[in-house]
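Undergrad: Sharing protein21.txt, compact mmCIF, C-alpha atoms and all ligand atoms:
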```txt
# COMPACT_ATOMS: atom_id res chain seq x y z
CA MET F 1 7.81 -1.49 26.72
CA LYS F 2 9.19 1.89 25.87
CA ASN F 3 11.25 0.78 22.92
CA TRP F 4 8.90 -0.72 20.44
CA ARG F 5 9.29 -4.49 20.10
CA PHE F 6 7.15 -6.53 17.77
CA ILE F 7 6.46 -10.06 18.95
CA VAL F 8 6.95 -11.32 15.39
CA LYS F 9 10.40 -10.28 14.19
CA ASN F 10 11.12 -9.21 10.61
CA ILE F 11 7.41 -8.64 10.07
CA ARG F 12 8.13 -6.29 7.17
CA GLU F 13 9.46 -9.17 5.09
CA MET F 14 6.41 -11.37 5.61
CA GLY F 15 3.27 -11.80 3.56
CA LEU F 16 0.47 -9.30 3.75
CA GLU F 17 -1.89 -11.67 5.59
CA THR F 18 0.76 -12.30 8.26
CA LYS F 19 1.41 -8.59 8.60
CA ALA F 20 -2.31 -7.92 9.03
CA VAL F 21 -2.56 -10.37 11.93
CA HIS F 22 0.73 -9.70 13.74
CA ALA F 23 2.03 -6.24 12.88
CA GLY F 24 2.13 -3.79 15.75
CA ILE F 25 1.51 -6.41 18.43
CA GLU F 26 3.94 -5.62 21.21
CA GLU F 27 5.45 -7.68 23.99
CA ASN F 28 3.80 -7.05 27.32
CA GLU F 29 4.39 -8.23 30.87
CA ALA F 30 1.28 -10.39 31.09
CA GLY F 31 2.01 -12.15 27.82
CA ALA F 32 -1.37 -11.06 26.52
CA VAL F 33 -1.89 -12.02 22.86
CA VAL F 34 -3.88 -8.82 22.45
CA PRO F 35 -2.06 -5.89 24.07
CA PRO F 36 -3.89 -3.88 26.73
CA ILE F 37 -5.75 -0.66 25.99
CA TYR F 38 -3.90 2.23 27.61
CA GLN F 39 -6.99 4.32 28.27
CA THR F 40 -5.09 7.14 29.94
CA SER F 41 -4.59 10.78 29.09
CA THR F 42 -1.26 11.17 30.86
CA PHE F 43 1.78 9.18 32.08
CA LYS F 44 3.60 9.51 35.40
CA PHE F 45 7.25 10.62 35.42
CA GLU F 46 9.75 8.96 37.77
CA ASN F 47 10.97 12.37 38.97
CA VAL F 48 11.34 15.95 37.74
CA GLN F 49 14.51 15.18 35.80
CA HIS F 50 12.78 12.28 34.02
CA GLY F 51 9.91 14.55 32.95
CA ALA F 52 12.34 17.20 31.74
CA ASP F 53 14.33 14.58 29.81
CA LEU F 54 11.25 13.26 28.07
CA PHE F 55 10.15 16.74 27.07
CA SER F 56 13.59 17.61 25.74
CA GLY F 57 13.67 14.40 23.72
CA LYS F 58 16.54 12.86 25.70
CA GLY F 59 14.61 9.91 27.05
CA ASP F 60 12.22 7.59 25.25
CA GLY F 61 8.89 7.37 27.00
CA TYR F 62 5.30 8.45 27.11
CA ILE F 63 4.25 11.90 28.30
CA TYR F 64 0.68 12.68 27.27
CA THR F 65 -1.73 10.85 24.94
CA ARG F 66 -2.04 13.66 22.41
CA MET F 67 1.69 13.24 21.85
CA ARG F 68 2.08 9.44 22.07
CA ASN F 69 0.12 6.50 23.46
CA PRO F 70 1.10 2.80 23.32
CA THR F 71 -2.29 1.61 22.03
CA VAL F 72 -2.35 4.26 19.33
CA GLU F 73 1.26 3.42 18.42
CA ALA F 74 0.46 -0.27 18.07
CA MET F 75 -2.19 0.54 15.45
CA GLU F 76 0.05 3.12 13.76
CA ASN F 77 2.91 0.63 13.50
CA ALA F 78 0.63 -2.00 12.01
CA ILE F 79 -0.57 0.38 9.30
CA ALA F 80 2.96 1.61 8.54
CA VAL F 81 3.98 -2.02 7.99
CA LEU F 82 0.97 -2.75 5.76
CA GLU F 83 1.48 0.36 3.60
CA GLY F 84 5.26 0.00 3.48
CA GLY F 85 5.97 3.40 5.04
CA ALA F 86 8.46 4.30 7.77
CA HIS F 87 5.86 5.62 10.22
CA ALA F 88 2.17 6.30 10.58
CA LEU F 89 0.21 8.89 12.56
CA GLY F 90 -3.26 8.12 13.85
CA CYS F 91 -5.76 10.97 13.46
CA GLY F 92 -9.27 11.64 14.71
CA SER F 93 -10.81 11.26 11.24
CA GLY F 94 -9.80 10.92 7.62
CA MET F 95 -10.32 14.66 7.23
CA ALA F 96 -8.06 15.35 10.23
CA ALA F 97 -5.41 13.19 8.53
CA ILE F 98 -5.76 15.07 5.22
CA HIS F 99 -5.72 18.47 6.93
CA THR F 100 -2.71 17.58 9.07
CA ALA F 101 -0.82 16.17 6.08
CA LEU F 102 -1.46 19.29 3.98
CA ALA F 103 -0.73 21.65 6.88
CA SER F 104 2.57 19.81 7.42
CA LEU F 105 3.61 20.34 3.80
CA LEU F 106 2.18 23.68 2.70
CA LYS F 107 2.50 27.32 3.66
CA THR F 108 1.12 30.62 2.36
CA GLY F 109 1.97 31.13 -1.31
CA ASP F 110 2.37 27.42 -2.05
CA HIS F 111 0.26 25.68 -4.63
CA VAL F 112 -1.41 22.27 -4.57
CA VAL F 113 -2.61 20.26 -7.56
CA CYS F 114 -5.54 18.04 -6.62
CA SER F 115 -7.71 15.48 -8.41
CA GLU F 116 -10.97 17.18 -9.39
CA SER F 117 -12.89 14.05 -8.45
CA VAL F 118 -12.10 13.55 -4.77
CA TYR F 119 -14.03 13.02 -1.57
CA GLY F 120 -16.23 16.14 -1.35
CA PRO F 121 -14.89 17.55 1.94
CA THR F 122 -11.29 17.15 0.68
CA SER F 123 -12.11 19.35 -2.30
CA THR F 124 -13.86 21.84 -0.03
CA LEU F 125 -10.98 21.84 2.50
CA ILE F 126 -8.48 22.70 -0.22
CA ARG F 127 -10.71 25.30 -1.90
CA THR F 128 -11.83 27.06 1.29
CA VAL F 129 -9.87 26.40 4.50
CA MET F 130 -6.48 26.02 2.82
CA ALA F 131 -7.23 28.85 0.35
CA ASN F 132 -8.08 31.10 3.32
CA PHE F 133 -4.48 30.60 4.47
CA GLY F 134 -3.17 31.69 1.05
CA ILE F 135 -2.55 28.20 -0.32
CA GLU F 136 -3.47 28.12 -4.00
CA ASN F 137 -4.96 25.16 -5.82
CA SER F 138 -5.69 23.68 -9.21
CA MET F 139 -8.33 20.97 -9.34
CA VAL F 140 -7.57 18.87 -12.42
CA ASP F 141 -8.32 15.53 -14.02
CA THR F 142 -5.33 13.62 -12.62
CA SER F 143 -6.04 10.62 -14.88
CA ASN F 144 -4.62 12.87 -17.61
CA LEU F 145 -0.87 13.27 -17.08
CA ASP F 146 -0.72 16.24 -19.46
CA ALA F 147 -3.34 18.03 -17.37
CA VAL F 148 -1.25 17.39 -14.25
CA ARG F 149 1.92 18.58 -15.98
CA SER F 150 0.38 21.81 -17.18
CA ALA F 151 -1.19 22.54 -13.78
CA VAL F 152 2.17 22.40 -12.03
CA ARG F 153 3.67 25.81 -11.14
CA PRO F 154 7.02 26.75 -9.62
CA SER F 155 5.19 27.09 -6.30
CA THR F 156 3.60 23.61 -6.47
CA ARG F 157 4.67 21.65 -3.40
CA VAL F 158 1.99 18.93 -3.29
CA ILE F 159 0.12 16.84 -5.82
CA PHE F 160 -2.85 15.27 -4.03
CA VAL F 161 -4.41 12.28 -5.75
CA GLU F 162 -7.29 10.04 -4.90
CA THR F 163 -7.30 6.86 -6.99
CA PRO F 164 -9.69 5.32 -7.73
CA ALA F 165 -11.49 8.60 -7.12
CA ASN F 166 -14.59 9.03 -5.03
CA PRO F 167 -17.22 8.61 -6.50
CA THR F 168 -16.30 8.49 -10.21
CA LEU F 169 -13.72 5.69 -9.79
CA VAL F 170 -11.42 7.52 -12.20
CA ILE F 171 -7.96 5.95 -11.91
CA SER F 172 -4.79 8.07 -11.94
CA ASP F 173 -1.37 6.74 -12.92
CA LEU F 174 0.61 6.93 -9.68
CA ASP F 175 4.05 6.24 -11.19
CA GLY F 176 3.48 8.93 -13.83
CA ILE F 177 2.29 11.53 -11.33
CA ALA F 178 5.11 10.72 -8.88
CA GLU F 179 7.58 11.42 -11.67
CA ILE F 180 5.96 14.79 -12.40
CA ALA F 181 5.87 15.69 -8.71
CA HIS F 182 9.48 14.77 -8.03
CA ALA F 183 10.76 16.52 -11.18
CA ASN F 184 9.16 19.69 -9.82
CA ASP F 185 10.29 19.51 -6.20
CA ALA F 186 6.80 18.55 -5.04
CA LEU F 187 5.55 15.57 -3.05
CA LEU F 188 2.87 13.09 -4.03
CA VAL F 189 0.16 12.60 -1.41
CA VAL F 190 -2.30 9.78 -2.12
CA ASP F 191 -5.66 9.15 -0.46
CA ASN F 192 -5.71 5.34 -0.48
CA THR F 193 -9.06 4.97 1.30
CA PHE F 194 -10.85 3.33 -1.63
CA MET F 195 -8.41 0.45 -2.14
CA GLY F 196 -6.49 0.13 1.13
CA PRO F 197 -3.08 -1.52 1.46
CA VAL F 198 -4.27 -4.98 0.44
CA MET F 199 -5.14 -3.90 -3.08
CA GLN F 200 -2.96 -0.81 -3.58
CA ARG F 201 0.23 0.39 -1.92
CA PRO F 202 0.94 3.84 -3.36
CA ILE F 203 4.40 4.06 -1.76
CA GLU F 204 5.47 1.25 -4.13
CA HIS F 205 4.41 3.59 -6.94
CA GLY F 206 6.26 6.70 -5.86
CA ALA F 207 3.92 8.26 -3.27
CA ASP F 208 5.63 10.14 -0.45
CA ILE F 209 2.63 10.32 1.87
CA VAL F 210 -0.46 8.11 2.06
CA VAL F 211 -3.62 9.13 3.88
CA HIS F 212 -6.61 7.03 4.81
CA SER F 213 -9.96 7.35 6.41
CA LEU F 214 -9.72 4.54 8.97
CA THR F 215 -13.49 4.86 9.19
CA LYS F 216 -13.70 2.86 5.98
CA SER F 217 -12.16 -0.54 5.16
CA LEU F 218 -9.21 -0.48 7.56
CA ASN F 219 -11.53 -0.55 10.56
CA GLY F 220 -14.24 -2.05 8.42
CA HIS F 221 -17.03 -2.45 10.96
CA ALA F 222 -18.72 0.96 10.80
CA ASP F 223 -18.07 1.68 14.48
CA VAL F 224 -15.09 4.07 14.41
CA VAL F 225 -14.29 7.46 12.88
CA GLY F 226 -10.55 7.77 12.39
CA GLY F 227 -7.77 8.58 9.96
CA VAL F 228 -4.10 7.92 9.41
CA ILE F 229 -1.11 9.50 7.66
CA VAL F 230 1.63 7.14 6.47
CA VAL F 231 5.02 8.74 5.84
CA LYS F 232 7.40 6.96 3.48
CA ASP F 233 10.65 8.50 4.73
CA ALA F 234 11.65 8.37 8.39
CA GLU F 235 13.32 11.82 8.13
CA ARG F 236 10.02 13.49 7.33
CA TYR F 237 8.14 11.89 10.20
CA PRO F 238 9.09 14.13 13.18
CA HIS F 239 7.74 17.22 11.40
CA PHE F 240 4.40 15.50 10.80
CA ARG F 241 4.26 14.35 14.43
CA THR F 242 4.95 17.88 15.66
CA THR F 243 2.28 19.34 13.37
CA LEU F 244 -0.28 16.75 14.49
CA ASN F 245 0.58 17.50 18.09
CA GLN F 246 0.01 21.24 17.52
CA ILE F 247 -3.21 20.81 15.54
CA GLY F 248 -4.37 18.16 17.98
CA GLY F 249 -6.57 16.03 15.75
CA VAL F 250 -5.46 12.70 17.22
CA ILE F 251 -7.29 9.39 17.51
CA ASP F 252 -7.99 7.99 20.99
CA PRO F 253 -6.74 4.68 22.42
CA PHE F 254 -10.04 2.82 22.30
CA ASN F 255 -10.72 3.65 18.66
CA SER F 256 -7.12 2.71 17.87
CA PHE F 257 -7.71 -0.66 19.54
CA LEU F 258 -10.81 -1.23 17.42
CA VAL F 259 -9.01 -0.28 14.21
CA HIS F 260 -6.11 -2.59 15.09
CA ARG F 261 -8.61 -5.39 15.69
CA GLY F 262 -10.24 -4.70 12.32
CA LEU F 263 -6.89 -4.80 10.51
CA LYS F 264 -6.42 -8.49 11.31
CA THR F 265 -9.23 -9.48 8.97
CA LEU F 266 -8.57 -6.74 6.40
CA PRO F 267 -7.27 -9.06 3.63
CA LEU F 268 -10.18 -11.49 4.17
CA ARG F 269 -12.80 -8.74 4.22
CA VAL F 270 -11.66 -6.67 1.27
CA ARG F 271 -11.04 -9.67 -0.98
CA ARG F 272 -14.46 -11.13 -0.16
CA ALA F 273 -16.17 -7.80 -0.81
CA ALA F 274 -14.33 -7.46 -4.14
CA GLU F 275 -15.44 -11.01 -5.05
CA ASN F 276 -19.02 -9.86 -4.53
CA ALA F 277 -18.51 -6.56 -6.35
CA LEU F 278 -17.35 -7.93 -9.71
CA PRO F 279 -20.48 -10.01 -10.48
CA ILE F 280 -22.68 -7.16 -9.23
CA ALA F 281 -20.92 -4.72 -11.57
CA GLU F 282 -21.29 -7.20 -14.45
CA TYR F 283 -24.97 -7.67 -13.63
CA LEU F 284 -25.57 -3.90 -13.59
CA GLU F 285 -23.67 -3.40 -16.83
CA LYS F 286 -25.97 -5.88 -18.60
CA HIS F 287 -29.18 -4.60 -17.02
CA PRO F 288 -31.41 -2.77 -19.54
CA LYS F 289 -32.37 -0.07 -17.00
CA VAL F 290 -28.74 0.86 -16.32
CA GLN F 291 -27.15 3.55 -18.47
CA TRP F 292 -23.52 3.14 -17.45
CA VAL F 293 -21.42 1.43 -14.78
CA ARG F 294 -17.94 2.25 -13.49
CA TYR F 295 -16.01 -0.47 -11.69
CA PRO F 296 -12.23 -0.88 -11.90
CA GLY F 297 -12.68 -4.62 -12.59
CA LEU F 298 -14.75 -4.09 -15.75
CA PRO F 299 -12.77 -3.91 -19.01
CA SER F 300 -15.11 -1.02 -19.96
CA HIS F 301 -13.41 1.14 -17.29
CA PRO F 302 -11.46 3.84 -19.18
CA GLN F 303 -8.31 3.31 -17.09
CA TYR F 304 -8.69 -0.46 -16.72
CA GLU F 305 -5.09 -1.14 -17.78
CA ILE F 306 -3.56 1.47 -15.47
CA GLY F 307 -5.59 -0.06 -12.65
CA ARG F 308 -4.22 -3.51 -13.40
CA LYS F 309 -0.70 -2.12 -13.37
CA GLN F 310 -0.92 -0.50 -9.93
CA MET F 311 -3.65 -2.39 -8.05
CA ASP F 312 -3.84 -5.97 -6.72
CA GLY F 313 -7.60 -6.22 -7.12
CA HIS F 314 -10.51 -4.01 -7.97
CA GLY F 315 -12.09 -3.02 -4.70
CA ALA F 316 -15.74 -3.01 -3.72
CA MET F 317 -16.94 0.39 -4.91
CA ILE F 318 -19.26 0.65 -7.91
CA SER F 319 -20.78 3.76 -9.46
CA PHE F 320 -23.60 3.70 -11.98
CA GLU F 321 -26.45 5.70 -13.39
CA LEU F 322 -29.87 4.43 -14.36
CA ALA F 323 -31.41 5.19 -17.75
CA GLY F 324 -34.17 6.99 -15.83
CA GLY F 325 -31.56 9.31 -14.26
CA LEU F 326 -31.92 10.81 -10.79
CA GLU F 327 -35.62 9.93 -10.34
CA ALA F 328 -35.05 6.26 -11.13
CA GLY F 329 -31.97 6.30 -8.88
CA LYS F 330 -34.07 7.65 -6.00
CA THR F 331 -36.64 4.90 -6.52
CA MET F 332 -33.89 2.32 -6.39
CA MET F 333 -32.25 3.78 -3.27
CA ASN F 334 -35.61 3.96 -1.51
CA ASN F 335 -36.44 0.35 -2.30
CA VAL F 336 -33.33 -1.65 -1.45
CA HIS F 337 -33.39 -3.36 1.94
CA LEU F 338 -30.09 -5.19 2.35
CA PHE F 339 -28.04 -2.34 0.88
CA LEU F 340 -28.35 0.29 3.60
CA LEU F 341 -29.02 3.85 2.46
CA ALA F 342 -26.03 5.41 4.20
CA VAL F 343 -22.77 7.19 3.40
CA SER F 344 -19.35 5.72 4.25
CA LEU F 345 -17.85 2.66 2.60
CA GLY F 346 -15.54 -0.30 2.98
CA GLY F 347 -17.46 -1.96 5.80
CA VAL F 348 -18.79 -5.49 6.13
CA GLU F 349 -22.28 -4.24 5.30
CA SER F 350 -23.32 -3.15 1.81
CA LEU F 351 -24.27 0.52 1.43
CA ILE F 352 -25.90 2.64 -1.25
CA GLN F 353 -25.83 6.44 -1.47
CA HIS F 354 -26.33 9.45 -3.73
CA PRO F 355 -23.11 11.56 -3.95
CA ALA F 356 -24.66 14.69 -5.53
CA SER F 357 -27.00 15.24 -2.55
CA MET F 358 -24.86 13.56 0.14
CA THR F 359 -21.05 13.06 0.20
CA HIS F 360 -20.36 15.57 -2.58
CA ALA F 361 -23.10 18.13 -1.86
CA THR F 362 -20.64 20.73 -0.50
CA MET F 363 -18.74 20.79 -3.82
CA GLY F 364 -21.60 22.56 -5.61
CA LYS F 365 -23.14 21.58 -8.94
CA GLU F 366 -20.62 23.33 -11.17
CA LEU F 367 -17.57 21.56 -9.75
CA ARG F 368 -19.46 18.28 -9.64
CA GLU F 369 -20.29 18.56 -13.32
CA GLN F 370 -16.69 19.41 -14.13
CA ALA F 371 -15.65 16.24 -12.30
CA ASN F 372 -18.38 14.11 -13.96
CA ILE F 373 -20.23 13.58 -10.70
CA THR F 374 -23.63 13.59 -12.37
CA ASP F 375 -26.88 14.10 -10.47
CA GLY F 376 -27.97 10.57 -11.37
CA LEU F 377 -24.80 8.85 -10.15
CA VAL F 378 -25.51 6.19 -7.51
CA ARG F 379 -22.64 4.72 -5.49
CA LEU F 380 -22.49 1.23 -4.02
CA SER F 381 -20.11 -0.02 -1.36
CA VAL F 382 -20.36 -3.78 -1.59
CA GLY F 383 -20.02 -5.71 1.67
CA ILE F 384 -19.35 -9.33 2.55
CA GLU F 385 -22.92 -10.63 2.65
CA ASN F 386 -24.14 -13.55 0.56
CA LEU F 387 -23.87 -12.62 -3.11
CA GLU F 388 -27.26 -14.04 -4.13
CA ASP F 389 -28.96 -12.06 -1.38
CA LEU F 390 -27.31 -8.85 -2.55
CA MET F 391 -28.23 -9.55 -6.16
CA ALA F 392 -31.85 -10.29 -5.25
CA ASP F 393 -32.05 -7.01 -3.33
CA LEU F 394 -30.79 -4.95 -6.29
CA ASP F 395 -32.91 -6.91 -8.75
CA ALA F 396 -36.15 -6.34 -6.82
CA ALA F 397 -35.43 -2.61 -6.48
CA LEU F 398 -34.55 -2.25 -10.17
CA ASP F 399 -37.86 -3.90 -11.10
CA LEU F 400 -39.59 -0.87 -9.58
CA CYS F 401 -37.53 1.72 -11.47
C1 LIG S 501 -14.56 9.08 4.01
C2 LIG S 501 -13.43 9.57 3.22
C3 LIG S 501 -12.60 10.57 3.71
C4 LIG S 501 -12.85 11.28 5.03
O1 LIG S 501 -12.74 10.42 6.11
P1 LIG S 501 -13.49 10.69 7.51
O2 LIG S 501 -13.00 9.59 8.37
O3 LIG S 501 -14.96 10.63 7.24
O4 LIG S 501 -13.07 12.04 7.97
C5 LIG S 501 -11.52 10.95 2.93
N1 LIG S 501 -11.29 10.39 1.75
C6 LIG S 501 -12.06 9.41 1.24
C7 LIG S 501 -11.74 8.82 -0.08
C8 LIG S 501 -13.16 8.98 1.95
O5 LIG S 501 -13.95 8.04 1.44
```
In structure tokens, write the structure found in this file.
TA:
Amino acid sequence: MKNWRFIVKNIREMGLETKAVHAGIEENEAGAVVPPIYQTSTFKFENVQHGADLFSGKGDGYIYTRMRNPTVEAMENAIAVLEGGAHALGCGSGMAAIHTALASLLKTGDHVVCSESVYGPTSTLIRTVMANFGIENSMVDTSNLDAVRSAVRPSTRVIFVETPANPTLVISDLDGIAEIAHANDALLVVDNTFMGPVMQRPIEHGADIVVHSLTKSLNGHADVVGGVIVVKDAERYPHFRTTLNQIGGVIDPFNSFLVHRGLKTLPLRVRRAAENALPIAEYLEKHPKVQWVRYPGLPSHPQYEIGRKQMDGHGAMISFELAGGLEAGKTMMNNVHLFLLAVSLGGVESLIQHPASMTHATMGKELREQANITDGLVRLSVGIENLEDLMADLDAALDLC
């Protein structure tokens, strides 16, 4: 039990669908196909020496759930396998994962280059909390390699990229940015929440660290808030684990169990959602009341070719703006029924939301405008419902706009 043993050997060499079902599943005494949930805060030592050995790192065993827990580890191992990293660290939310990753890599005086179009709280974290600790930042258009290159300073230690970006769906060239980062003694950290490991594995394109909000497609059922950090190199992992242990933003065993359960159907869910998203994006692009549409699967996407190079699919996120701007967008959002008016994304249910007043409100108008997050931008997260039903819902709402 204490040394990790996968039931399926050599899982890292198997296909993605097999990994999703079997990765992280451990042997257990009862032979349970689904491992038990270790809903415990602490673990009993055999004697004083045993406890001392575990604390000094001599023995291999569990001490306290903030430090390690078998159920959390099972989920972490599964995600490390799916993303192709050495190790993963489960966190209490996507934001906890991003904060812990940045806090592990940066100190006062360091500089971070970040995509200007990112999840709103990520931008705010870097520009306020991290800045308060003397960590400098440049928010740039990371789809432009020249802009990334000229933002890099001698003190740059991290380039943080979200691709496709939330909510503009701007795509950044991961191989190109990894090259810039590594030539400047910096690491590339990628928020892979939008695509997930089925459709994009940033480590294969030079990323050193991958972060995710587990809340989104990896769990996929809108019933967990969680995050994860995936570390490419085993040598870097202990430092991240220590930092997470000090900061304390860990995920709990039950949520880990739910995420692990969700992972098994991840390839099925995300591919089905993407199958729905493409015809919806095409429908919107042709609709006379729609001004513009951004979807990585549309050839009209400005970075369509870069997307094809680094992604195995196009995801289920669509952004668009109606010809009638914000007012028309509000009418649409207030009149859909199947698309739920809610933030979050990547779940089985389709969602619609308004970034300028919701997920990206904390960024402020000026930064939003700089990042092309217009007031009229409406964001869809397409789920796995029946396509005709989804289309009919959008169509009826657009009739009223
Ligand atoms: C939701 C989201 C986050 C934050 O995750 P939480 O689990 O809500 O903390 C970070 N990045 C992206 C791209 C997201 O969509």
Undergrad: I need every residue sitting at most 12 Å from the point (12.0, 21.2, -10.7) (coordinates as in the file, all atoms listed in the file considered), written as a PyMOL selection string.
TA: chain F and resi 149+152-157+179-187
Undergrad: Around ligand LIG 501 (chain S), which protein and nucleic acid residues have at least one atom no more than 7 Å from it, if we count all atoms listed in the file? List them as a ChimeraX atom specification.
TA: /F:93-96,118-119,122,162,166,191-194,212-216,225-227,344-345
Undergrad: Box in all listed atoms of range 43-51 of chain F, axis-aligned, with 5 Å more on each side; write out centre and edge lengths in Å to one decimal as JSON.
TA:
```
{"center_x": 8.1, "center_y": 12.5, "center_z": 35.5, "size_x": 22.7, "size_y": 17.0, "size_z": 16.9}
```
Undergrad: Would you mind listing, for every residue of range 296-321 of chain F within 7 Å of range 374-380 of chain F, the two atoms forming the shortest contact and the distance between them in Å to one decimal, using all atoms listed in the file, sorted by chain and ascending residue number, as JSON lines?
TA:
```
{"residue": "F:Met317", "atom": "CA", "partner": "F:Leu380", "partner_atom": "CA", "distance": 5.7}
{"residue": "F:Ile318", "atom": "CA", "partner": "F:Leu380", "partner_atom": "CA", "distance": 5.1}
{"residue": "F:Ser319", "atom": "CA", "partner": "F:Arg379", "partner_atom": "CA", "distance": 4.5}
{"residue": "F:Phe320", "atom": "CA", "partner": "F:Val378", "partner_atom": "CA", "distance": 5.5}
{"residue": "F:Glu321", "atom": "CA", "partner": "F:Leu377", "partner_atom": "CA", "distance": 4.8}
```
Undergrad: Need to verify the contact set: His99 in chain F, 9 Å, all atoms listed in the file, exclusion of same-chain residues closer than 6 positions in sequence. Can you return it as a PyMOL selection string?
TA: chain F and resi 122+125-126+130
Undergrad: Pull range 30-36 of chain F out of the block and emit all heavy atoms, as a JSON list (two decimals), in the first residue's frame.
TA:
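As written to disk, selection-v1.json reads:
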```json
[["chain", "number", "residue", "atom", "x", "y", "z"],
["F", 30, "ALA", "N", -8.81, -5.59, -0.28],
["F", 30, "ALA", "CA", -10.12, -6.17, -0.58],
["F", 30, "ALA", "C", -10.28, -6.52, -2.06],
["F", 30, "ALA", "O", -11.24, -7.18, -2.44],
["F", 30, "ALA", "CB", -11.21, -5.20, -0.16],
["F", 31, "GLY", "N", -9.34, -6.07, -2.87],
["F", 31, "GLY", "CA", -9.49, -6.30, -4.31],
["F", 31, "GLY", "C", -10.54, -5.40, -4.92],
["F", 31, "GLY", "O", -11.08, -5.70, -5.99],
["F", 32, "ALA", "N", -10.86, -4.32, -4.26],
["F", 32, "ALA", "CA", -11.89, -3.41, -4.78],
["F", 32, "ALA", "C", -11.44, -2.79, -6.09],
["F", 32, "ALA", "O", -10.31, -2.32, -6.21],
["F", 32, "ALA", "CB", -12.18, -2.32, -3.76],
["F", 33, "VAL", "N", -12.33, -2.79, -7.09],
["F", 33, "VAL", "CA", -12.02, -2.21, -8.39],
["F", 33, "VAL", "C", -11.86, -0.69, -8.27],
["F", 33, "VAL", "O", -11.04, -0.07, -8.92],
["F", 33, "VAL", "CB", -13.12, -2.59, -9.40],
["F", 33, "VAL", "CG1", -13.01, -1.79, -10.69],
["F", 33, "VAL", "CG2", -13.06, -4.08, -9.68],
["F", 34, "VAL", "N", -12.67, -0.11, -7.38],
["F", 34, "VAL", "CA", -12.52, 1.30, -7.06],
["F", 34, "VAL", "C", -11.92, 1.39, -5.66],
["F", 34, "VAL", "O", -12.50, 0.88, -4.71],
["F", 34, "VAL", "CB", -13.89, 2.02, -7.10],
["F", 34, "VAL", "CG1", -13.73, 3.47, -6.68],
["F", 34, "VAL", "CG2", -14.50, 1.92, -8.48],
["F", 35, "PRO", "N", -10.74, 1.99, -5.54],
["F", 35, "PRO", "CA", -10.08, 2.03, -4.23],
["F", 35, "PRO", "C", -10.91, 2.80, -3.19],
["F", 35, "PRO", "O", -11.71, 3.67, -3.55],
["F", 35, "PRO", "CB", -8.78, 2.77, -4.51],
["F", 35, "PRO", "CG", -8.64, 2.86, -5.97],
["F", 35, "PRO", "CD", -9.97, 2.69, -6.59],
["F", 36, "PRO", "N", -10.72, 2.46, -1.93],
["F", 36, "PRO", "CA", -11.49, 3.11, -0.87],
["F", 36, "PRO", "C", -11.15, 4.59, -0.73],
["F", 36, "PRO", "O", -10.10, 5.03, -1.16],
["F", 36, "PRO", "CB", -11.07, 2.34, 0.39],
["F", 36, "PRO", "CG", -9.74, 1.75, 0.05],
["F", 36, "PRO", "CD", -9.76, 1.48, -1.41]]
```
